[in-house]
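Content type mmCIF, C-alpha atoms, from the file coords_3.cif:
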data_run
loop_
_atom_site.label_atom_id
_atom_site.label_comp_id
_atom_site.auth_asym_id
_atom_site.auth_seq_id
_atom_site.Cartn_x
_atom_site.Cartn_y
_atom_site.Cartn_z
CA MET A 9 -126.25 165.82 -28.48
CA ASN A 10 -125.93 165.92 -24.69
CA LYS A 11 -125.64 169.36 -23.12
CA LYS A 12 -124.86 171.07 -19.85
CA ILE A 13 -127.94 172.82 -18.50
CA LEU A 14 -127.78 175.27 -15.59
CA PHE A 15 -130.89 176.12 -13.55
CA LEU A 16 -130.88 179.34 -11.50
CA VAL A 17 -133.52 179.60 -8.74
CA ASN A 18 -133.93 181.47 -5.45
CA HIS A 19 -135.30 178.55 -3.40
CA ASP A 20 -135.13 174.75 -3.52
CA ILE A 21 -138.95 174.53 -3.44
CA VAL A 22 -139.14 176.63 -6.62
CA ILE A 23 -137.38 173.92 -8.60
CA TYR A 24 -138.48 170.77 -6.76
CA ASN A 25 -142.20 171.46 -6.54
CA PHE A 26 -142.68 173.19 -9.89
CA ARG A 27 -139.80 172.13 -12.22
CA LEU A 28 -138.99 168.60 -11.05
CA GLU A 29 -140.35 167.02 -14.23
CA ILE A 30 -138.13 169.25 -16.38
CA VAL A 31 -135.07 168.20 -14.38
CA GLU A 32 -136.07 164.53 -14.59
CA ARG A 33 -136.59 164.74 -18.35
CA PHE A 34 -133.23 166.38 -19.02
CA ILE A 35 -131.41 163.80 -16.89
CA ALA A 36 -133.29 160.97 -18.60
CA ASP A 37 -132.30 162.42 -21.99
CA GLY A 38 -128.63 162.26 -20.97
CA HIS A 39 -128.02 165.95 -20.30
CA GLU A 40 -125.82 167.16 -17.44
CA VAL A 41 -128.03 169.19 -15.08
CA HIS A 42 -126.62 171.81 -12.71
CA ILE A 43 -128.69 173.69 -10.11
CA SER A 44 -127.77 176.93 -8.36
CA SER A 45 -129.92 177.73 -5.33
CA PRO A 46 -129.69 178.56 -1.65
CA TYR A 47 -129.59 175.25 0.20
CA GLY A 48 -132.86 173.65 1.29
CA ALA A 49 -134.08 170.18 2.17
CA ARG A 50 -135.17 169.41 -1.40
CA ILE A 51 -131.67 169.94 -2.79
CA ASP A 52 -130.64 166.50 -1.52
CA ASP A 53 -133.55 164.95 -3.42
CA LEU A 54 -132.44 166.67 -6.63
CA VAL A 55 -128.85 165.56 -6.17
CA ALA A 56 -130.08 162.00 -5.62
CA LEU A 57 -131.70 162.19 -9.07
CA GLY A 58 -128.33 163.01 -10.59
CA ALA A 59 -128.26 166.82 -10.61
CA LYS A 60 -125.11 168.72 -9.59
CA TYR A 61 -125.63 171.37 -6.91
CA HIS A 62 -123.98 174.79 -6.55
CA ALA A 63 -124.77 176.74 -3.38
CA ILE A 64 -125.43 180.47 -3.48
CA LYS A 65 -126.60 182.94 -0.84
CA MET A 66 -129.51 185.10 -1.87
CA GLU A 67 -132.11 187.24 -0.15
CA ARG A 68 -135.38 186.83 -2.00
CA HIS A 69 -136.39 190.40 -1.10
CA GLY A 70 -134.36 193.56 -0.69
CA MET A 71 -132.15 195.53 -3.05
CA ASN A 72 -128.88 196.12 -1.19
CA PRO A 73 -126.53 197.14 -4.06
CA LEU A 74 -123.48 195.33 -2.65
CA LYS A 75 -125.41 192.09 -2.13
CA GLU A 76 -126.95 192.33 -5.61
CA LEU A 77 -123.53 192.82 -7.20
CA ARG A 78 -122.28 189.79 -5.28
CA ILE A 79 -125.02 187.64 -6.84
CA LEU A 80 -124.01 188.82 -10.31
CA SER A 81 -120.36 188.12 -9.57
CA GLU A 82 -121.12 184.63 -8.26
CA TYR A 83 -123.23 183.81 -11.31
CA LYS A 84 -120.41 184.86 -13.65
CA LYS A 85 -117.92 182.78 -11.68
CA LEU A 86 -120.27 179.77 -11.72
CA MET A 87 -120.89 179.98 -15.46
CA LYS A 88 -117.16 180.20 -16.17
CA GLU A 89 -116.68 177.08 -14.04
CA VAL A 90 -119.59 174.99 -15.37
CA ARG A 91 -119.51 176.29 -18.97
CA PRO A 92 -123.19 175.49 -19.58
CA ASP A 93 -124.66 175.26 -23.06
CA ILE A 94 -127.81 177.01 -21.85
CA VAL A 95 -129.01 178.68 -18.63
CA LEU A 96 -132.62 178.54 -17.40
CA GLY A 97 -133.71 181.24 -14.95
CA PHE A 98 -136.73 181.35 -12.65
CA THR A 99 -137.95 184.18 -10.37
CA ILE A 100 -136.80 187.79 -10.39
CA LYS A 101 -133.19 187.92 -9.19
CA PRO A 102 -131.97 184.77 -10.95
CA ASN A 103 -133.59 186.07 -14.15
CA ILE A 104 -132.04 189.52 -14.01
CA TYR A 105 -128.55 188.76 -12.71
CA GLY A 106 -128.35 185.39 -14.43
CA ALA A 107 -129.26 186.94 -17.78
CA ILE A 108 -126.63 189.67 -17.38
CA ALA A 109 -123.92 187.14 -16.53
CA ALA A 110 -124.92 184.80 -19.35
CA ARG A 111 -124.93 187.61 -21.94
CA LYS A 112 -121.44 188.73 -20.98
CA LEU A 113 -120.23 185.14 -21.45
CA HIS A 114 -122.24 184.57 -24.66
CA ILE A 115 -124.36 181.78 -23.16
CA PRO A 116 -128.02 181.39 -24.25
CA PHE A 117 -130.43 182.32 -21.43
CA VAL A 118 -134.13 181.43 -21.06
CA ALA A 119 -136.12 183.36 -18.44
CA ASN A 120 -139.41 182.34 -16.87
CA ILE A 121 -141.46 185.26 -15.49
CA THR A 122 -143.27 183.62 -12.58
CA GLY A 123 -144.75 186.94 -11.50
CA LEU A 124 -143.67 190.57 -11.49
CA GLY A 125 -143.53 191.08 -7.73
CA THR A 126 -144.97 194.01 -5.82
CA ALA A 127 -141.99 196.26 -6.59
CA VAL A 128 -142.62 196.00 -10.32
CA GLU A 129 -146.41 196.01 -10.26
CA LYS A 130 -146.77 199.25 -8.28
CA PRO A 131 -145.72 202.52 -10.01
CA GLY A 132 -142.81 204.25 -8.34
CA ILE A 133 -139.04 204.39 -8.17
CA GLU A 134 -138.66 200.64 -7.58
CA GLN A 135 -140.71 199.90 -10.68
CA LYS A 136 -138.56 202.27 -12.76
CA ILE A 137 -135.36 200.64 -11.49
CA SER A 138 -136.75 197.17 -12.19
CA ILE A 139 -137.73 198.11 -15.76
CA LEU A 140 -134.23 199.45 -16.43
CA LEU A 141 -132.70 196.27 -15.00
CA TYR A 142 -134.93 194.04 -17.12
CA LYS A 143 -134.16 196.06 -20.26
CA TYR A 144 -130.44 195.80 -19.64
CA ALA A 145 -130.51 192.14 -18.61
CA PHE A 146 -132.77 190.87 -21.39
CA ARG A 147 -130.90 192.36 -24.34
CA ASP A 148 -130.11 189.46 -26.71
CA ILE A 149 -131.92 186.97 -24.45
CA LYS A 150 -132.90 183.69 -26.12
CA ARG A 151 -136.45 183.36 -24.77
CA VAL A 152 -138.75 184.91 -22.18
CA PHE A 153 -141.56 182.67 -21.00
CA PHE A 154 -144.60 184.26 -19.36
CA GLN A 155 -147.31 182.60 -17.29
CA ASN A 156 -150.08 185.10 -17.96
CA THR A 157 -150.92 187.68 -20.61
CA GLU A 158 -150.91 190.62 -18.19
CA ASN A 159 -147.24 190.10 -17.31
CA ARG A 160 -146.38 189.76 -20.99
CA GLN A 161 -148.27 192.96 -21.82
CA PHE A 162 -146.26 194.81 -19.17
CA PHE A 163 -143.05 193.79 -20.95
CA ILE A 164 -144.53 194.71 -24.35
CA ASP A 165 -145.60 198.14 -23.05
CA HIS A 166 -142.05 198.80 -21.83
CA ASP A 167 -140.37 197.33 -24.92
CA ILE A 168 -138.51 194.58 -23.09
CA ALA A 169 -137.34 191.70 -25.33
CA ALA A 170 -140.65 191.79 -27.22
CA GLU A 171 -139.40 189.68 -30.13
CA VAL A 172 -138.72 186.54 -28.02
CA HIS A 173 -141.84 186.35 -25.82
CA ASP A 174 -143.76 183.10 -25.38
CA LEU A 175 -146.64 182.03 -23.13
CA LEU A 176 -146.76 178.93 -20.92
CA PRO A 177 -149.70 177.50 -18.94
CA GLY A 178 -148.07 178.56 -15.68
CA SER A 179 -145.77 175.93 -14.23
CA GLY A 180 -148.36 173.35 -15.18
CA VAL A 181 -149.44 170.63 -12.77
CA ASN A 182 -148.36 167.00 -12.50
CA LEU A 183 -151.64 165.20 -13.18
CA GLU A 184 -150.34 161.94 -11.72
CA ARG A 185 -148.96 163.37 -8.48
CA TYR A 186 -152.11 165.48 -8.16
CA SER A 187 -154.54 162.83 -9.33
CA TYR A 188 -158.30 163.14 -8.97
CA LYS A 189 -159.45 162.33 -5.43
CA GLU A 190 -162.96 161.18 -4.60
CA TYR A 191 -165.00 164.08 -3.29
CA PRO A 192 -165.54 163.98 0.52
CA GLN A 193 -168.99 163.12 1.75
CA ASP A 194 -171.31 165.66 3.34
CA GLY A 195 -170.99 166.34 7.03
CA THR A 196 -168.46 168.90 8.14
CA ILE A 197 -167.63 171.10 5.13
CA LYS A 198 -163.91 171.85 5.08
CA PHE A 199 -162.30 174.90 3.49
CA ALA A 200 -158.55 175.44 3.20
CA PHE A 201 -156.15 178.33 2.69
CA ILE A 202 -152.84 176.89 1.44
CA SER A 203 -150.24 179.58 0.89
CA ARG A 204 -147.55 181.65 2.49
CA ILE A 205 -149.41 183.46 5.27
CA MET A 206 -148.93 187.07 4.28
CA LYS A 207 -151.19 190.05 3.76
CA GLU A 208 -151.03 190.09 -0.05
CA LYS A 209 -152.20 186.48 -0.24
CA GLY A 210 -155.55 187.59 1.21
CA VAL A 211 -155.15 185.92 4.59
CA ASP A 212 -156.93 188.79 6.39
CA GLN A 213 -160.04 188.28 4.26
CA TYR A 214 -159.89 184.53 4.83
CA LEU A 215 -159.56 184.78 8.61
CA GLU A 216 -162.34 187.38 8.81
CA ALA A 217 -164.61 185.14 6.73
CA ALA A 218 -163.79 182.17 8.96
CA GLU A 219 -164.84 184.10 12.09
CA ILE A 220 -168.15 185.22 10.58
CA ILE A 221 -169.07 181.92 8.91
CA LYS A 222 -168.23 179.91 12.05
CA ASN A 223 -170.64 182.10 14.03
CA ASN A 224 -173.46 181.47 11.54
CA HIS A 225 -172.95 177.82 10.61
CA GLU A 226 -172.31 174.54 12.33
CA ASN A 227 -170.27 171.72 10.81
CA VAL A 228 -167.85 174.01 9.00
CA GLU A 229 -164.06 173.98 9.32
CA PHE A 230 -161.46 176.47 8.09
CA HIS A 231 -157.93 175.13 7.67
CA VAL A 232 -154.72 177.11 7.16
CA CYS A 233 -151.46 175.69 5.80
CA GLY A 234 -148.17 177.38 5.00
CA PHE A 235 -145.24 179.34 6.32
CA CYS A 236 -146.44 182.08 8.65
CA GLU A 237 -145.05 185.61 8.42
CA GLU A 238 -144.10 186.90 11.88
CA GLU A 239 -146.84 189.54 11.96
CA TYR A 240 -149.53 186.83 11.82
CA ASN A 241 -148.15 184.46 14.46
CA GLY A 242 -150.16 185.85 17.36
CA ARG A 243 -153.48 186.16 15.54
CA LEU A 244 -153.21 182.73 13.97
CA GLN A 245 -152.39 181.12 17.31
CA GLU A 246 -155.37 182.84 18.94
CA LEU A 247 -157.79 181.75 16.19
CA ASP A 248 -156.43 178.22 16.31
CA GLU A 249 -156.84 178.01 20.08
CA ASN A 250 -160.45 179.26 20.00
CA GLY A 251 -161.40 176.87 17.21
CA THR A 252 -161.98 179.42 14.45
CA VAL A 253 -159.29 177.89 12.24
CA ILE A 254 -157.06 174.82 12.32
CA TYR A 255 -153.44 175.73 11.58
CA HIS A 256 -151.22 172.97 10.19
CA GLY A 257 -148.01 174.86 9.49
CA MET A 258 -146.03 173.67 6.48
CA ILE A 259 -147.32 170.46 4.93
CA ARG A 260 -145.44 168.10 2.58
CA ASP A 261 -148.32 166.01 1.23
CA VAL A 262 -150.40 168.78 -0.32
CA ALA A 263 -152.41 166.42 -2.55
CA GLY A 264 -153.26 164.18 0.40
CA PHE A 265 -154.37 167.16 2.44
CA MET A 266 -156.51 168.56 -0.38
CA SER A 267 -158.27 165.21 -0.71
CA LYS A 268 -159.90 165.81 2.70
CA MET A 269 -161.10 169.33 1.77
CA HIS A 270 -164.33 170.39 0.04
CA CYS A 271 -163.06 173.72 -1.33
CA ILE A 272 -159.74 175.57 -1.62
CA ILE A 273 -159.84 179.34 -1.06
CA HIS A 274 -157.12 181.57 -2.53
CA PRO A 275 -158.15 185.25 -2.04
CA THR A 276 -154.80 186.61 -3.21
CA TYR A 277 -153.94 190.02 -4.60
CA TYR A 278 -150.24 189.19 -4.89
CA PRO A 279 -148.67 189.52 -8.37
CA GLU A 280 -148.31 185.86 -9.37
CA GLY A 281 -147.67 184.09 -12.66
CA ILE A 282 -150.27 181.32 -12.51
CA SER A 283 -151.27 180.22 -9.00
CA ASN A 284 -149.90 176.74 -8.39
CA VAL A 285 -152.21 176.08 -5.46
CA LEU A 286 -155.20 176.66 -7.74
CA LEU A 287 -153.82 174.26 -10.36
CA GLU A 288 -153.18 171.62 -7.70
CA ALA A 289 -156.63 172.07 -6.17
CA CYS A 290 -158.31 171.70 -9.56
CA ALA A 291 -156.21 168.65 -10.42
CA THR A 292 -157.38 166.87 -7.27
CA GLY A 293 -160.98 167.71 -8.19
CA ARG A 294 -161.61 170.44 -5.66
CA PRO A 295 -163.66 173.59 -6.34
CA ILE A 296 -161.86 176.90 -5.89
CA ILE A 297 -162.75 180.40 -4.69
CA THR A 298 -160.28 183.01 -5.85
CA THR A 299 -159.84 186.57 -7.03
CA ASP A 300 -160.27 188.39 -10.31
CA ARG A 301 -156.61 189.06 -11.03
CA SER A 302 -153.94 187.76 -13.39
CA GLY A 303 -152.63 184.39 -12.28
CA CYS A 304 -156.03 183.39 -10.91
CA ARG A 305 -158.63 184.31 -13.51
CA GLU A 306 -156.85 182.05 -16.01
CA VAL A 307 -157.72 179.04 -13.82
CA VAL A 308 -161.16 179.81 -12.42
CA ASP A 309 -164.30 179.68 -14.55
CA ASP A 310 -166.89 181.41 -12.38
CA GLY A 311 -169.79 179.08 -11.64
CA SER A 312 -168.19 176.16 -13.48
CA ASN A 313 -165.23 175.09 -11.31
CA GLY A 314 -165.67 177.58 -8.47
CA TYR A 315 -166.25 181.28 -7.84
CA MET A 316 -164.31 184.42 -8.72
CA ILE A 317 -164.53 187.45 -6.42
CA PRO A 318 -163.04 190.99 -6.50
CA GLN A 319 -159.65 191.49 -4.89
CA ARG A 320 -159.50 192.62 -1.22
CA ASP A 321 -163.28 192.18 -0.89
CA GLY A 322 -163.98 190.36 2.36
CA GLN A 323 -167.75 190.62 1.99
CA ALA A 324 -167.65 189.07 -1.49
CA LEU A 325 -165.60 186.19 -0.07
CA ILE A 326 -168.15 185.60 2.69
CA GLU A 327 -170.97 185.61 0.13
CA ALA A 328 -169.12 183.13 -2.10
CA ILE A 329 -168.57 180.77 0.85
CA GLU A 330 -172.23 181.07 1.83
CA LYS A 331 -173.24 180.31 -1.75
CA PHE A 332 -171.01 177.24 -1.80
CA LEU A 333 -172.40 175.97 1.50
CA LEU A 334 -175.94 176.10 0.11
CA LEU A 335 -175.08 173.87 -2.87
CA PRO A 336 -176.22 170.23 -2.80
CA TRP A 337 -173.35 167.75 -2.41
CA GLU A 338 -173.65 166.59 -6.03
CA ASP A 339 -173.28 170.19 -7.29
CA LYS A 340 -170.17 170.70 -5.17
CA LYS A 341 -168.73 167.49 -6.62
CA GLN A 342 -169.52 168.62 -10.18
CA LEU A 343 -167.58 171.85 -9.63
CA GLY A 344 -164.59 169.70 -8.72
CA LEU A 345 -165.01 167.43 -11.74
CA CYS A 346 -165.11 170.47 -14.03
CA ALA A 347 -161.96 171.75 -12.33
CA ARG A 348 -160.16 168.48 -13.06
CA ARG A 349 -161.21 168.45 -16.71
CA ARG A 350 -159.97 172.00 -17.19
CA VAL A 351 -156.45 171.35 -15.94
CA GLU A 352 -156.25 168.12 -17.93
CA LYS A 353 -157.00 170.10 -21.08
CA GLU A 354 -155.02 173.29 -20.49
CA PHE A 355 -152.46 172.94 -17.66
CA ASP A 356 -150.75 169.54 -17.94
CA ARG A 357 -147.13 170.05 -16.82
CA GLN A 358 -145.92 167.94 -19.73
CA ILE A 359 -146.86 170.87 -21.99
CA VAL A 360 -144.28 172.95 -20.11
CA VAL A 361 -141.68 170.18 -20.17
CA GLU A 362 -141.92 169.83 -23.95
CA ARG A 363 -141.50 173.58 -24.47
CA TYR A 364 -138.28 173.51 -22.43
CA VAL A 365 -137.01 170.47 -24.30
CA LYS A 366 -137.57 172.39 -27.54
CA GLU A 367 -135.59 175.41 -26.29
CA VAL A 368 -132.66 173.28 -25.11
CA ASN A 369 -132.55 171.36 -28.40
CA ARG A 370 -132.31 174.68 -30.22
CA ALA A 371 -129.41 175.97 -28.10
#
If you convert what's in this file into structure tokens, what do you get?
Amino acid sequence: MNKKILFLVNHDIVIYNFRLEIVERFIADGHEVHISSPYGARIDDLVALGAKYHAIKMERHGMNPLKELRILSEYKKLMKEVRPDIVLGFTIKPNIYGAIAARKLHIPFVANITGLGTAVEKPGIEQKISILLYKYAFRDIKRVFFQNTENRQFFIDHDIAAEVHDLLPGSGVNLERYSYKEYPQDGTIKFAFISRIMKEKGVDQYLEAAEIIKNNHENVEFHVCGFCEEEYNGRLQELDENGTVIYHGMIRDVAGFMSKMHCIIHPTYYPEGISNVLLEACATGRPIITTDRSGCREVVDDGSNGYMIPQRDGQALIEAIEKFLLLPWEDKKQLGLCARRRVEKEFDRQIVVERYVKEVNRA
């Protein structure tokens, strides 16, 4: 039986980069797919596939009560208009306000906890407010998917929808789009930081390591890709001009870029679900250096597909890079091959697609 399925997201990239295969599968199965998101360039691509688009304004951060109530009101209006058979929410605000709207209209809602966010992870008034909102929103919710056990345990500890929890392997990774790429030959060893350039993603540790390693080694490059927060514009420009790093801005062909790299570094301490950049790096056969925190430790196997270091530890990052540089080329390549095998076994995006198909069929 064909159904109307409504996706709620806070950014077009959230659905195009990480849920495209779910959208494609539902359309192929004959379902009517609706997407609510602030407009972005990828919306046109989704509409071209056959999805129906509904614009909404949303600030990803901030808790202005009037603006938050407007989101809830718009979701209720949208659901009354579309009359979906099931609603799928991703990221914090679509999950909370979408679940509230869906419950009031007796529509099944499936939430995906892609990370708790700094406001929820750190004890304080914002955490208390967020817990109350989740408890209220997730009453009678159909399913809550988690991407790591630490996030799920947080919900268990606070008695939030404990009876409908389920665990996914992150967003999974498309093993065809991110196919294995031949490992680059020796010569200049290239490292890359691919992420939003913000403090919590560990960019300070990465840039510091780049400065020190460049002073001690020849034939080493440090690349940076991603949207740059305003506070880092000046420093990044300076380091790019003096040759410490090479800044590429936003890139579209992530897999193609990774194919030229020897190692992907993700020194984050941001509360993530499962790091997509780590999954993509492993899928292309690239070793990883990342931190011992939820969302990262699930992907890295220290010494097998890369190295795991403590959070916020710049010295440990430098030592891990030095250790990697000393490896023979064949050992570097083997780390990448192990990385590929791991994602093939545990993080294939089709696992995620099938779980969503199962939930929609049950609605």
Exercise for the section: Record the distance separating CA of Asn241 (chain A) and CA of Ala217 (chain A), expressed in Å with one decimal. Expected result: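 Atom-to-atom, CA of Asn241 (chain A) to CA of Ala217 (chain A), that is 18.2 Å.
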Practice task
Would you work out the distance separating CA of His274 (chain A) from CA of Glu226 (chain A), expressed in Å to one decimal?
Solution key: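 A separation of 22.4 Å between them.
A straight line drawn from CA of Glu367 (chain A) to CA of His166 (chain A) is 24.7 Å long.
Within the file as shown, the PyMOL selection byres ((chain A and resi 175) around 8) identifies Phe153, Phe154, Gln155, Asn156, Thr157, His173, Asp174, Leu176 and Pro177 of chain A.
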Handout entry: Explicit residue set for the PyMOL selection byres ((chain A and resi 348) around 8), as a ChimeraX atom specification
Key = /A:188,290-294,344-347,349-352
Handout entry: Matched chain/residue IDs from the PyMOL selection byres ((chain A and resi 31) around 10), as JSON, numbers by chain
Key = {"A": [13, 15, 23, 24, 27, 28, 29, 30, 32, 33, 34, 35, 36, 37, 39, 40, 41, 42, 43, 54, 57, 58, 59, 361]}
Handout entry: Test item: residues at most 9 Å from Lys268 (chain A), all atoms listed in the file, excluding those fewer than 6 positions along its chain, as a ChimeraX atom specification
Key = /A:189,191-192,198
Selected residues, C-alpha atoms, written as a JSON list (two decimals), in the frame of the given file, please.
[["chain", "number", "residue", "atom", "x", "y", "z"],
["A", 189, "LYS", "CA", -159.45, 162.33, -5.43],
["A", 191, "TYR", "CA", -165.00, 164.08, -3.29],
["A", 192, "PRO", "CA", -165.54, 163.98, 0.52],
["A", 198, "LYS", "CA", -163.91, 171.85, 5.08]]
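Shortest separation to Val253 (chain A) among A:Ile168, A:Phe162, A:Lys222, A:Arg320 occurs at residue A:Lys222, atoms counted being only C-alpha atoms.
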Exercise for the section: Show me as an MDAnalysis selection string the residues that reach within 10 Å of (-150.2, 180.6, -8.4), counting all atoms listed in the file and using the file's own coordinates. Expected result: chainID A and resid 122:123 155 178:179 203 274 276 278:288 302:304 307
Create the file for the chosen residues now, containing C-alpha atoms and written as a PDB file, in the coordinates of the input.
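Written out: part_18.pdb:
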ATOM      1  CA  THR A 122    -143.270 183.620 -12.580  1.00  0.00           C
ATOM      2  CA  GLY A 123    -144.750 186.940 -11.500  1.00  0.00           C
ATOM      3  CA  GLN A 155    -147.310 182.600 -17.290  1.00  0.00           C
ATOM      4  CA  GLY A 178    -148.070 178.560 -15.680  1.00  0.00           C
ATOM      5  CA  SER A 179    -145.770 175.930 -14.230  1.00  0.00           C
ATOM      6  CA  SER A 203    -150.240 179.580   0.890  1.00  0.00           C
ATOM      7  CA  HIS A 274    -157.120 181.570  -2.530  1.00  0.00           C
ATOM      8  CA  THR A 276    -154.800 186.610  -3.210  1.00  0.00           C
ATOM      9  CA  TYR A 278    -150.240 189.190  -4.890  1.00  0.00           C
ATOM     10  CA  PRO A 279    -148.670 189.520  -8.370  1.00  0.00           C
ATOM     11  CA  GLU A 280    -148.310 185.860  -9.370  1.00  0.00           C
ATOM     12  CA  GLY A 281    -147.670 184.090 -12.660  1.00  0.00           C
ATOM     13  CA  ILE A 282    -150.270 181.320 -12.510  1.00  0.00           C
ATOM     14  CA  SER A 283    -151.270 180.220  -9.000  1.00  0.00           C
ATOM     15  CA  ASN A 284    -149.900 176.740  -8.390  1.00  0.00           C
ATOM     16  CA  VAL A 285    -152.210 176.080  -5.460  1.00  0.00           C
ATOM     17  CA  LEU A 286    -155.200 176.660  -7.740  1.00  0.00           C
ATOM     18  CA  LEU A 287    -153.820 174.260 -10.360  1.00  0.00           C
ATOM     19  CA  GLU A 288    -153.180 171.620  -7.700  1.00  0.00           C
ATOM     20  CA  SER A 302    -153.940 187.760 -13.390  1.00  0.00           C
ATOM     21  CA  GLY A 303    -152.630 184.390 -12.280  1.00  0.00           C
ATOM     22  CA  CYS A 304    -156.030 183.390 -10.910  1.00  0.00           C
ATOM     23  CA  VAL A 307    -157.720 179.040 -13.820  1.00  0.00           C
TER      24      VAL A 307
END
Exercise for the section: Can you work out which one of A:Asn159, A:Tyr142, A:Glu237, A:Ile137 has the shortest atom-to-atom distance to Ile121 (chain A), counting only C-alpha atoms? Expected result: A:Asn159
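With distances restricted to all atoms listed in the file, A:His225 is the closest residue to Leu333 (chain A) from A:Arg305, A:His225, A:Arg370, A:His256.
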Practice task
Go through A:Asp212, A:Glu67, A:Asp20, A:Asp93 one by one, measure the shortest atom-to-atom distance of each to Ser45 (chain A) using only C-alpha atoms, and give the residue with the smallest value.
Solution key: A:Asp20
Handout entry: Polymer residues at most 6 Å from region 46-53 of chain A, all atoms listed in the file, same-chain spacing of 6 or more positions, as a list in words
Key =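 Within the cut-off, the hits are His19, Asp20, Ala63, Ile64 and Lys65 of chain A.
Omitting Ala328 (chain A) and its sequence neighbours fewer than 6 positions away, and counting all atoms listed in the file, the residues within 10 Å are Ile297, Thr298, Gly314, Tyr315, Met316, Ile317 and Gly322 of chain A.
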